[in-house]
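Participant: Just so it is clear, I am handing over work04.cif, which has mmCIF, C-alpha atoms.
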```cif
data_final
loop_
_atom_site.label_atom_id
_atom_site.label_comp_id
_atom_site.auth_asym_id
_atom_site.auth_seq_id
_atom_site.Cartn_x
_atom_site.Cartn_y
_atom_site.Cartn_z
CA MET A 397 0.00 0.00 0.00
CA CYS A 398 1.07 3.54 -0.61
CA GLU A 399 2.24 4.92 2.68
CA THR A 400 2.86 8.44 1.43
CA CYS A 401 -0.53 9.76 0.46
CA GLY A 402 -2.54 7.05 2.16
CA CYS A 403 -4.63 6.39 -0.89
CA GLY A 404 -3.95 2.69 -0.63
CA GLN A 405 -3.25 2.33 -4.32
CA PRO A 406 -0.48 0.42 -5.99
CA GLY A 407 2.36 2.51 -7.37
CA SER A 408 6.09 1.86 -7.18
CA GLN A 409 5.62 2.20 -3.46
CA GLY A 410 8.64 1.75 -1.27
CA VAL A 411 10.95 1.79 -4.29
CA LYS A 412 13.96 4.05 -3.92
CA ILE A 413 16.45 5.01 -6.56
CA LEU A 414 19.79 5.91 -5.04
CA LYS A 415 23.14 7.07 -6.32
CA PRO A 416 26.17 5.35 -4.77
CA GLY A 417 26.71 6.52 -1.21
CA ALA A 418 23.52 8.54 -1.37
CA GLY A 419 22.04 6.98 1.74
CA ASP A 420 18.33 7.17 2.21
CA THR A 421 16.35 9.74 0.28
CA HIS A 422 12.63 9.45 -0.07
CA THR A 423 10.95 9.40 -3.43
CA HIS A 424 7.31 9.07 -4.18
CA ASP A 425 6.26 8.89 -7.76
CA GLU A 426 2.84 9.56 -9.05
CA HIS A 427 0.25 6.88 -9.26
CA SER A 428 -1.07 5.86 -12.59
CA HIS A 429 -4.63 6.46 -11.47
CA GLY A 430 -6.29 9.77 -10.71
CA HIS A 431 -7.79 10.91 -7.46
CA ASP A 432 -10.57 12.66 -9.30
CA HIS A 433 -14.22 12.60 -8.44
CA HIS A 434 -16.97 12.04 -10.88
CA HIS A 435 -19.59 14.69 -11.13
CA HIS A 436 -22.78 13.55 -12.72
CA ASP A 437 -25.15 16.06 -14.21
CA HIS A 438 -28.11 13.91 -13.33
CA GLU A 439 -29.17 12.08 -10.23
CA PRO A 440 -28.85 8.34 -10.65
CA GLU A 441 -32.27 6.80 -10.43
CA HIS A 442 -31.29 3.19 -10.50
CA THR A 443 -28.24 1.05 -11.01
CA HIS A 444 -27.83 -1.91 -13.27
CA THR A 445 -25.22 -4.59 -13.57
CA THR A 446 -23.15 -4.88 -16.73
CA THR A 447 -20.49 -7.32 -17.80
CA ILE A 448 -17.50 -5.69 -19.45
CA GLN A 449 -15.23 -7.80 -21.63
CA VAL A 450 -11.69 -6.80 -20.71
CA GLN A 451 -9.38 -9.44 -22.22
CA GLU A 452 -6.29 -7.53 -21.22
CA ASP A 453 -2.91 -9.14 -20.57
CA VAL A 454 -2.03 -8.51 -16.94
CA LEU A 455 1.56 -7.70 -17.82
CA SER A 456 0.68 -5.35 -20.67
CA ALA A 457 1.49 -2.18 -18.69
CA ASN A 458 4.95 -3.54 -17.86
CA ASN A 459 5.52 -4.80 -21.38
CA LEU A 460 4.64 -1.40 -22.81
CA VAL A 461 7.25 0.37 -20.68
CA ALA A 462 9.74 -2.41 -21.46
CA ALA A 463 9.21 -1.81 -25.18
CA ARG A 464 9.84 1.86 -24.62
CA ASN A 465 13.08 1.10 -22.72
CA ARG A 466 14.11 -1.27 -25.52
CA GLY A 467 13.59 1.44 -28.12
CA TYR A 468 15.72 3.83 -26.04
CA PHE A 469 18.51 1.26 -25.87
CA GLU A 470 18.35 0.45 -29.57
CA GLY A 471 18.31 4.10 -30.54
CA ARG A 472 21.45 4.79 -28.53
CA GLY A 473 23.23 1.55 -29.42
CA ILE A 474 23.23 0.49 -25.77
CA PHE A 475 23.63 -3.21 -25.07
CA ALA A 476 21.32 -3.95 -22.13
CA LEU A 477 21.72 -7.12 -20.08
CA ASN A 478 19.38 -8.45 -17.42
CA LEU A 479 21.44 -10.47 -14.92
CA MET A 480 19.45 -12.81 -12.74
CA SER A 481 20.45 -15.32 -10.09
CA SER A 482 19.73 -16.48 -6.58
CA PRO A 483 21.36 -14.37 -3.83
CA GLY A 484 25.08 -15.11 -3.50
CA ALA A 485 25.71 -16.63 -6.94
CA GLY A 486 28.35 -13.98 -7.61
CA LYS A 487 26.63 -11.44 -9.86
CA THR A 488 28.31 -8.38 -8.37
CA THR A 489 31.77 -9.96 -8.17
CA LEU A 490 31.55 -11.04 -11.81
CA LEU A 491 30.42 -7.55 -12.81
CA GLU A 492 33.22 -5.85 -10.86
CA LYS A 493 35.81 -8.07 -12.52
CA THR A 494 34.26 -7.64 -15.98
CA ILE A 495 34.09 -3.85 -15.71
CA GLN A 496 37.71 -3.66 -14.54
CA ASP A 497 38.93 -5.92 -17.35
CA LEU A 498 36.85 -4.52 -20.24
CA SER A 499 37.16 -0.79 -19.42
CA PRO A 500 38.07 1.54 -21.01
CA ASP A 501 37.37 -0.26 -24.32
CA LEU A 502 33.74 -0.56 -23.32
CA ALA A 503 31.80 2.07 -21.40
CA TRP A 504 29.73 0.53 -18.60
CA ALA A 505 26.68 1.56 -16.67
CA VAL A 506 24.99 -0.55 -14.04
CA ILE A 507 21.56 -0.57 -12.46
CA GLU A 508 21.69 -2.47 -9.17
CA GLY A 509 18.51 -3.98 -7.78
CA ASP A 510 18.38 -4.95 -4.12
CA GLN A 511 15.78 -4.71 -1.41
CA GLN A 512 18.01 -2.47 0.73
CA THR A 513 21.41 -0.68 0.87
CA THR A 514 23.69 0.87 -1.75
CA VAL A 515 26.45 -1.68 -1.05
CA ASP A 516 26.40 -3.10 -4.58
CA ALA A 517 26.22 0.28 -6.33
CA ASP A 518 29.14 1.42 -4.18
CA ARG A 519 31.16 -1.63 -5.26
CA ILE A 520 30.37 -1.02 -8.95
CA ASP A 521 31.14 2.68 -8.55
CA ALA A 522 34.53 1.74 -7.12
CA ALA A 523 35.11 -0.62 -10.06
CA GLY A 524 34.77 2.34 -12.41
CA ALA A 525 31.27 2.22 -13.90
CA ALA A 526 28.39 4.64 -13.61
CA ALA A 527 25.99 3.00 -11.17
CA ILE A 528 22.62 3.58 -9.66
CA GLN A 529 20.88 1.57 -6.99
CA VAL A 530 17.21 0.69 -7.09
CA ASN A 531 16.01 -0.37 -3.65
CA THR A 532 12.81 -2.27 -4.15
CA GLY A 533 11.85 -2.14 -0.47
CA THR A 534 9.77 -5.26 0.02
CA GLY A 535 9.71 -5.98 -3.73
CA CYS A 536 11.28 -9.16 -5.01
CA HIS A 537 12.11 -8.13 -8.59
CA LEU A 538 12.76 -5.16 -10.86
CA ASP A 539 10.10 -4.07 -13.31
CA ALA A 540 10.29 -1.98 -16.47
CA ARG A 541 9.07 1.20 -14.79
CA MET A 542 11.82 1.05 -12.16
CA ILE A 543 14.34 0.82 -15.02
CA ARG A 544 12.77 3.78 -16.80
CA GLU A 545 12.97 5.83 -13.58
CA ALA A 546 16.57 4.77 -12.97
CA LEU A 547 17.50 5.70 -16.56
CA ALA A 548 16.24 9.22 -15.91
CA GLN A 549 18.95 9.59 -13.27
CA LEU A 550 21.73 7.43 -14.64
CA GLU A 551 23.59 8.90 -17.56
CA VAL A 552 24.11 5.91 -19.81
CA PRO A 553 26.53 6.90 -22.59
CA GLU A 554 25.72 5.94 -26.17
CA ARG A 555 27.21 2.56 -27.15
CA ALA A 556 27.62 1.58 -23.50
CA VAL A 557 26.95 -1.80 -21.96
CA LEU A 558 24.15 -1.45 -19.43
CA ALA A 559 24.13 -4.27 -16.92
CA ILE A 560 20.94 -4.54 -14.91
CA GLU A 561 21.58 -6.64 -11.83
CA ASN A 562 18.20 -7.93 -10.79
CA VAL A 563 17.17 -8.67 -7.21
CA GLY A 564 18.69 -12.01 -6.14
CA ASN A 565 15.76 -14.33 -6.74
CA LEU A 566 15.23 -17.23 -9.12
CA ILE A 567 11.46 -16.93 -9.29
CA CYS A 568 9.95 -13.47 -9.38
CA PRO A 569 12.11 -11.59 -11.94
CA ALA A 570 11.18 -14.13 -14.63
CA LEU A 571 7.89 -12.56 -15.69
CA PHE A 572 9.03 -8.94 -15.91
CA ASP A 573 10.57 -7.82 -19.18
CA LEU A 574 12.79 -4.80 -18.55
CA GLY A 575 13.60 -3.98 -22.18
CA GLU A 576 16.90 -5.85 -22.15
CA ALA A 577 18.47 -7.37 -25.26
CA ARG A 578 19.84 -10.38 -23.42
CA ARG A 579 18.84 -12.31 -20.32
CA VAL A 580 21.69 -13.91 -18.43
CA ILE A 581 21.19 -16.38 -15.60
CA ILE A 582 24.08 -16.92 -13.19
CA VAL A 583 24.21 -20.06 -11.10
CA SER A 584 27.08 -21.25 -8.95
CA THR A 585 28.49 -24.71 -8.38
CA THR A 586 27.33 -24.55 -4.76
CA GLU A 587 23.75 -24.79 -6.01
CA GLY A 588 22.22 -28.13 -6.97
CA SER A 589 22.25 -29.61 -10.49
CA ASP A 590 18.49 -30.02 -10.18
CA LYS A 591 17.82 -26.26 -9.97
CA PRO A 592 16.73 -25.88 -13.64
CA LEU A 593 13.87 -28.30 -13.06
CA LYS A 594 12.92 -26.65 -9.78
CA TYR A 595 13.00 -23.09 -11.17
CA PRO A 596 12.20 -23.53 -14.86
CA THR A 597 10.38 -20.25 -15.51
CA ILE A 598 13.47 -18.07 -15.20
CA LEU A 599 15.43 -20.24 -17.66
CA ARG A 600 12.68 -20.37 -20.24
CA ASP A 601 13.48 -17.02 -21.90
CA ALA A 602 17.18 -16.82 -20.96
CA HIS A 603 19.89 -16.53 -23.62
CA LEU A 604 22.97 -17.38 -21.59
CA CYS A 605 23.60 -19.34 -18.42
CA ILE A 606 26.84 -18.63 -16.58
CA ILE A 607 28.02 -21.33 -14.20
CA ASN A 608 30.16 -19.48 -11.66
CA LYS A 609 32.53 -20.64 -8.88
CA LEU A 610 34.14 -23.28 -11.10
CA ASP A 611 37.08 -23.24 -8.65
CA LEU A 612 34.84 -24.91 -6.05
CA LEU A 613 33.86 -27.80 -8.34
CA PRO A 614 36.26 -30.33 -6.73
CA TYR A 615 34.72 -29.68 -3.32
CA VAL A 616 31.02 -29.84 -4.09
CA ASP A 617 28.62 -32.41 -5.54
CA PHE A 618 27.62 -30.21 -8.49
CA ASP A 619 27.40 -32.22 -11.73
CA LEU A 620 28.06 -29.84 -14.62
CA ASP A 621 26.75 -32.17 -17.36
CA GLU A 622 23.62 -33.02 -15.42
CA PHE A 623 22.95 -29.34 -14.76
CA MET A 624 23.28 -28.46 -18.45
CA ALA A 625 21.11 -31.40 -19.51
CA ASN A 626 18.41 -30.28 -17.06
CA ALA A 627 18.62 -26.67 -18.22
CA ARG A 628 18.32 -27.75 -21.87
CA ARG A 629 15.14 -29.63 -21.01
CA VAL A 630 13.63 -26.25 -20.14
CA ASN A 631 15.34 -24.19 -22.84
CA PRO A 632 17.03 -26.10 -25.68
CA ASP A 633 18.52 -22.86 -27.11
CA LEU A 634 20.36 -21.87 -23.93
CA SER A 635 24.14 -21.23 -24.17
CA PHE A 636 26.50 -21.96 -21.28
CA ILE A 637 29.76 -20.46 -20.06
CA SER A 638 31.52 -21.97 -17.05
CA LEU A 639 33.90 -19.68 -15.19
CA SER A 640 35.31 -18.56 -11.91
CA ALA A 641 35.07 -14.83 -11.24
CA LYS A 642 37.56 -15.41 -8.43
CA THR A 643 40.39 -17.19 -10.28
CA GLY A 644 39.64 -15.76 -13.72
CA GLU A 645 39.19 -19.18 -15.35
CA GLY A 646 36.74 -19.00 -18.27
CA LEU A 647 36.39 -15.22 -18.12
CA GLU A 648 37.76 -14.70 -21.64
CA GLU A 649 34.84 -16.65 -23.14
CA TRP A 650 32.39 -14.46 -21.25
CA TYR A 651 34.21 -11.31 -22.37
CA ASP A 652 34.01 -12.48 -26.00
CA TRP A 653 30.28 -13.01 -25.57
CA VAL A 654 29.88 -9.47 -24.18
CA ARG A 655 32.01 -7.93 -26.97
CA GLU A 656 30.15 -9.83 -29.68
CA ASN A 657 26.70 -8.85 -28.37
CA HIS A 658 27.81 -5.27 -27.80
CA ARG A 659 28.97 -5.09 -31.42
CA ALA A 660 25.64 -6.50 -32.58
CA ALA A 661 23.75 -3.93 -30.45
CA GLY A 662 25.60 -1.15 -32.27
CA THR A 663 24.36 -2.42 -35.61
CA GLY A 664 20.84 -3.10 -34.34
CA ASN A 665 21.34 -6.85 -34.77
CA VAL A 666 20.60 -7.90 -31.21
CA SER A 667 17.08 -9.17 -31.49
CA ALA A 668 14.73 -8.04 -28.77
CA LYS A 669 12.87 -10.48 -26.62
CA GLU A 670 9.90 -11.81 -28.48
CA GLN A 671 6.80 -11.55 -26.38
CA MET B 311 5.91 -13.23 -4.12
CA HIS B 312 5.62 -11.54 -7.52
CA GLU B 313 1.92 -12.44 -7.29
CA LEU B 314 1.36 -9.23 -5.34
CA SER B 315 2.76 -7.17 -8.25
CA ILE B 316 0.59 -9.19 -10.61
CA ALA B 317 -2.43 -8.52 -8.37
CA MET B 318 -1.72 -4.78 -8.42
CA ASN B 319 -1.48 -4.84 -12.21
CA ILE B 320 -4.84 -6.63 -12.31
CA LEU B 321 -6.44 -3.99 -10.07
CA ASP B 322 -4.96 -1.21 -12.22
CA ILE B 323 -6.65 -2.76 -15.27
CA VAL B 324 -9.92 -3.24 -13.37
CA GLU B 325 -9.94 0.34 -12.04
CA LYS B 326 -9.10 1.81 -15.43
CA THR B 327 -11.82 -0.25 -17.14
CA ALA B 328 -14.40 0.61 -14.48
CA GLN B 329 -13.56 4.31 -14.67
CA THR B 330 -13.74 4.36 -18.48
CA ASN B 331 -17.16 2.74 -18.33
CA GLY B 332 -18.49 5.03 -15.60
CA ALA B 333 -18.88 2.19 -13.14
CA THR B 334 -18.90 2.98 -9.45
CA VAL B 335 -18.81 -0.53 -8.07
CA VAL B 336 -17.06 -3.61 -9.40
CA LYS B 337 -18.92 -6.73 -8.28
CA ASP B 338 -16.94 -9.52 -9.91
CA ILE B 339 -13.48 -9.88 -11.41
CA TYR B 340 -12.75 -12.80 -13.75
CA VAL B 341 -9.11 -13.68 -14.30
CA ASP B 342 -7.51 -16.39 -16.47
CA VAL B 343 -4.24 -17.90 -15.28
CA GLY B 344 -2.41 -20.52 -17.31
CA ALA B 345 -1.09 -23.53 -15.42
CA LEU B 346 2.36 -22.83 -16.91
CA ALA B 347 2.31 -19.04 -16.50
CA GLY B 348 4.57 -19.06 -13.45
CA VAL B 349 1.93 -17.71 -11.09
CA MET B 350 0.67 -19.43 -7.93
CA ILE B 351 -3.08 -19.07 -7.72
CA PRO B 352 -3.43 -19.10 -3.88
CA SER B 353 -0.76 -16.36 -3.65
CA LEU B 354 -2.50 -14.38 -6.38
CA GLU B 355 -5.83 -14.66 -4.54
CA PHE B 356 -4.18 -13.38 -1.39
CA GLY B 357 -2.55 -10.53 -3.33
CA LEU B 358 -5.87 -9.55 -4.90
CA GLU B 359 -7.59 -9.39 -1.51
CA VAL B 360 -4.93 -6.87 -0.43
CA ALA B 361 -4.76 -4.94 -3.71
CA LYS B 362 -8.51 -4.39 -4.04
CA ARG B 363 -8.81 -2.41 -0.78
CA ASN B 364 -9.78 1.23 -1.28
CA THR B 365 -10.70 0.65 -4.91
CA ARG B 366 -14.04 0.42 -6.71
CA ALA B 367 -13.50 -3.33 -6.47
CA ARG B 368 -13.08 -3.52 -2.71
CA LEU B 369 -16.14 -5.75 -2.36
CA ALA B 370 -15.63 -7.64 -5.61
CA ALA B 371 -15.65 -11.40 -5.74
CA ILE B 372 -12.54 -12.83 -7.39
CA HIS B 373 -12.94 -15.67 -9.86
CA ILE B 374 -9.72 -17.23 -11.09
CA ARG B 375 -9.94 -19.81 -13.85
CA GLU B 376 -6.91 -22.00 -14.34
CA ILE B 377 -6.22 -22.80 -17.97
CA GLU B 378 -4.73 -26.18 -18.63
CA GLY B 379 -1.36 -26.42 -20.34
CA ARG B 380 -1.73 -27.91 -23.82
CA GLY B 381 0.65 -28.34 -26.70
CA ARG B 382 0.50 -29.31 -30.35
CA CYS B 383 3.01 -31.59 -32.01
CA PRO B 384 4.48 -29.88 -35.10
CA THR B 385 5.08 -33.29 -36.70
CA CYS B 386 1.89 -35.30 -36.20
CA GLY B 387 -0.42 -32.37 -35.43
CA ALA B 388 -1.99 -33.99 -32.37
CA THR B 389 -2.54 -31.98 -29.18
CA PHE B 390 -1.78 -33.19 -25.68
CA PRO B 391 -1.88 -31.86 -22.12
CA MET B 392 1.42 -30.31 -21.03
CA GLY B 393 2.61 -30.26 -17.43
CA PHE B 394 5.97 -28.65 -18.22
CA TYR B 395 7.38 -26.09 -20.68
CA ILE B 396 9.19 -28.64 -22.75
CA GLU B 397 7.62 -32.00 -23.43
CA PRO B 398 8.19 -34.45 -26.25
CA CYS B 399 5.16 -35.58 -28.23
CA PRO B 400 3.80 -38.67 -26.47
CA ARG B 401 2.77 -40.13 -29.83
CA CYS B 402 5.66 -39.67 -32.23
CA GLU B 403 8.29 -38.86 -29.57
CA ASP B 404 10.69 -37.05 -31.88
CA SER B 405 9.24 -33.54 -31.71
CA TYR B 406 8.63 -31.20 -28.81
CA LEU B 407 5.10 -29.96 -28.28
CA SER B 408 4.62 -26.28 -28.93
CA MET B 409 2.46 -24.69 -26.26
CA THR B 410 -1.00 -23.68 -27.41
CA SER B 411 -2.42 -22.80 -23.99
CA GLY B 412 -1.29 -22.55 -20.40
CA ASN B 413 0.69 -19.32 -20.57
CA GLU B 414 -2.30 -16.99 -20.11
CA LEU B 415 -2.36 -14.19 -17.58
CA ARG B 416 -5.23 -11.87 -18.33
CA VAL B 417 -8.25 -10.09 -16.95
CA ARG B 418 -11.12 -11.73 -18.85
CA GLU B 419 -14.07 -9.63 -17.78
CA ILE B 420 -15.52 -7.65 -14.91
CA GLU B 421 -19.05 -7.23 -13.74
CA VAL B 422 -19.91 -3.69 -12.65
CA GLU B 423 -22.76 -1.61 -11.38
CA GLN B 424 -23.54 1.38 -13.53
CA ASN B 425 -25.87 4.21 -12.77
#
```
Produce structure tokens that represent the structure in this file.
Facilitator:
Amino acid sequence: MCETCGCGQPGSQGVKILKPGAGDTHTHDEHSHGHDHHHHDHEPEHTHTTTIQVQEDVLSANNLVAARNRGYFEGRGIFALNLMSSPGAGKTTLLEKTIQDLSPDLAWAVIEGDQQTTVDADRIDAAGAAAIQVNTGTGCHLDARMIREALAQLEVPERAVLAIENVGNLICPALFDLGEARRVIIVSTTEGSDKPLKYPTILRDAHLCIINKLDLLPYVDFDLDEFMANARRVNPDLSFISLSAKTGEGLEEWYDWVRENHRAAGTGNVSAKEQ
Amino acid sequence: MHELSIAMNILDIVEKTAQTNGATVVKDIYVDVGALAGVMIPSLEFGLEVAKRNTRARLAAIHIREIEGRGRCPTCGATFPMGFYIEPCPRCEDSYLSMTSGNELRVREIEVEQN
């Protein structure tokens, strides 16, 4: 519920958009509905019940804003990535390393989604990329409108790579298109090989699956082949890159993937997500 | 719990539709949810109860219809129930079914009181 004006309506309530180190500033954006009253020029004499055919996709409002974001990215040659994983899979560490290694050849901007704190945006800021933090409050995922609002404050240079680090969650971000060109799922070897079958929705529309913490493989029961076979059962077109953000093993393959997709974004050849 | 966001989107659509049609009270909301749409119906029902407060639909009854997952085999043309996103054709076994229903997430209709 909206706690600012007390109207009890859904908006992006509780969502805060913060620059690194910015602490806690309050924002309250406008609701999509009006607070207007209807004035009738006649006194109602009776009421009657009517059925209205609606047939509207529940996610259409989000998809519309996502399409707008996508057009903005395409127009500016920005390669936008939606990075999704469970908490602790190593999204921020991989991003830090990637930004350090690929700058200054590639300009980077990062939108960090977390429920609270600017810790991640501060880390990315220190790594040398423009960053902005979206605190979702109690929210469990980013949506297209939060991205649009963040873009208004984050100066994303033309031809940049924009990494959107979603809230750590393997379930909720799946249904919300943000306007990205590519969806990347990061799992780590400390998670089970059965995860693709347990959380299939998020893999269904993904383009790339990164298997992180390869350095821990000798110490855990993770079966790489079994994981990939399970993931392909959900999404036969999924690509995989195994790496360790800590030791650097496999990073070059990931960097090539980023460079290749960034090049394609500049020529308008990165196909948008088909709805 | 993305079902709460989904519920808020549903109420936005309901409010907008009711307002456009000059309705003061929404009595019933009919929603279609596909079995493979990635939405838990009990959580969505809970979310809708919260989201409808202080709206024209605060007293509305919620009717959620679950739509069965079904897929058509591109090779033999037969259709079968689908319980998962990717399933081989049970008849010819060498093609994957392409989903024909089960991914729905839409407000079907609302019943309103008009003056």
Participant: Using only C-alpha atoms and a distance of at most 7 Å, pull out the residues of chain B that contact chain A, as a ChimeraX atom specification.
Facilitator: /B:311-312,316,318-320,348,364,395-396,415-425
Participant: Excluding range 398-406 of chain B and any residue of its chain fewer than 4 positions from it, enumerate the residues within 9 Å of it, using all atoms listed in the file, and give them as a list in words.
Facilitator: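 My reading of the contact set: Gly381, Arg382, Cys383, Pro384, Thr385, Cys386, Ala388, Thr389 and Phe390 of chain B.
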Participant: Would you mind reading off the distance between CA of Ala546 in chain A and CA of Ile413 in chain A, one decimal, in Å?
Facilitator: 6.4 Å
Participant: Leaving out Gly412 in chain B and any residue of its chain fewer than 6 positions from it, which residues lie within 6 Å of it when counting all atoms listed in the file, given as a PDB file with C-alpha atoms, keeping the file's coordinate frame?
Facilitator:
```pdb
ATOM      1  CA  GLY B 344      -2.410 -20.520 -17.310  1.00  0.00           C
ATOM      2  CA  ALA B 345      -1.090 -23.530 -15.420  1.00  0.00           C
ATOM      3  CA  LEU B 346       2.360 -22.830 -16.910  1.00  0.00           C
ATOM      4  CA  ILE B 377      -6.220 -22.800 -17.970  1.00  0.00           C
ATOM      5  CA  GLU B 378      -4.730 -26.180 -18.630  1.00  0.00           C
ATOM      6  CA  GLY B 379      -1.360 -26.420 -20.340  1.00  0.00           C
TER       7      GLY B 379
END
```
Participant: Residue by residue, what does the PyMOL selection byres ((chain B and resi 329-334) around 7) grab here? Present the result as an mmCIF file with C-alpha atoms, in the frame of the given file.
Facilitator:
```cif
data_model
loop_
_atom_site.group_PDB
_atom_site.id
_atom_site.type_symbol
_atom_site.label_atom_id
_atom_site.label_comp_id
_atom_site.auth_asym_id
_atom_site.auth_seq_id
_atom_site.Cartn_x
_atom_site.Cartn_y
_atom_site.Cartn_z
ATOM 1 C CA GLU B 325 -9.940 0.340 -12.040
ATOM 2 C CA LYS B 326 -9.100 1.810 -15.430
ATOM 3 C CA THR B 327 -11.820 -0.250 -17.140
ATOM 4 C CA ALA B 328 -14.400 0.610 -14.480
ATOM 5 C CA VAL B 335 -18.810 -0.530 -8.070
ATOM 6 C CA VAL B 336 -17.060 -3.610 -9.400
ATOM 7 C CA ARG B 366 -14.040 0.420 -6.710
ATOM 8 C CA VAL B 422 -19.910 -3.690 -12.650
ATOM 9 C CA GLU B 423 -22.760 -1.610 -11.380
ATOM 10 C CA GLN B 424 -23.540 1.380 -13.530
#
```
Participant: If I take CA of Ile339 in chain B and CA of Leu358 in chain B, how far is one from the other in Å, to one decimal?
Facilitator: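 Between CA of Ile339 in chain B and CA of Leu358 in chain B the gap works out to 10.0 Å.
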Participant: Give me, as a ChimeraX atom specification, all polymer residues having an atom no more than 12 Å from Thr513 in chain A, counting only C-alpha atoms and skipping those fewer than 3 positions away in the same chain.
Facilitator: /A:411-421,508-510,516-519,528-533
Participant: Could you jot down the CA of Ala505 in chain A to CA of Phe636 in chain A separation for me, Å, one decimal place?
Facilitator: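 Going from CA of Ala505 in chain A over to CA of Phe636 in chain A, I get 24.0 Å.
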Participant: Excluding range 573-588 of chain A and its own-chain neighbours fewer than 5 positions away, which residues fall within 6 Å of it when counting all atoms listed in the file? Please give them as a list of chain:residue names.
Facilitator: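 Those residues are A:Ala462, A:Ala463, A:Asn465, A:Arg466, A:Ala476, A:Leu477, A:Asn478, A:Leu479, A:Met480, A:Ser481, A:Ala485, A:Asp539, A:Ala540, A:Ala602, A:His603, A:Leu604, A:Cys605, A:Ile606, A:Ile607, A:Asn608, A:Lys609, A:Phe618, A:Ala668.
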Participant: In terms of the shortest atom-to-atom distance over all atoms listed in the file, which of A:Leu538, A:Arg464, A:Ile474, A:Glu622 is closest to Glu551 in chain A?
Facilitator: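 Smallest distance to Glu551 in chain A is found for A:Ile474.
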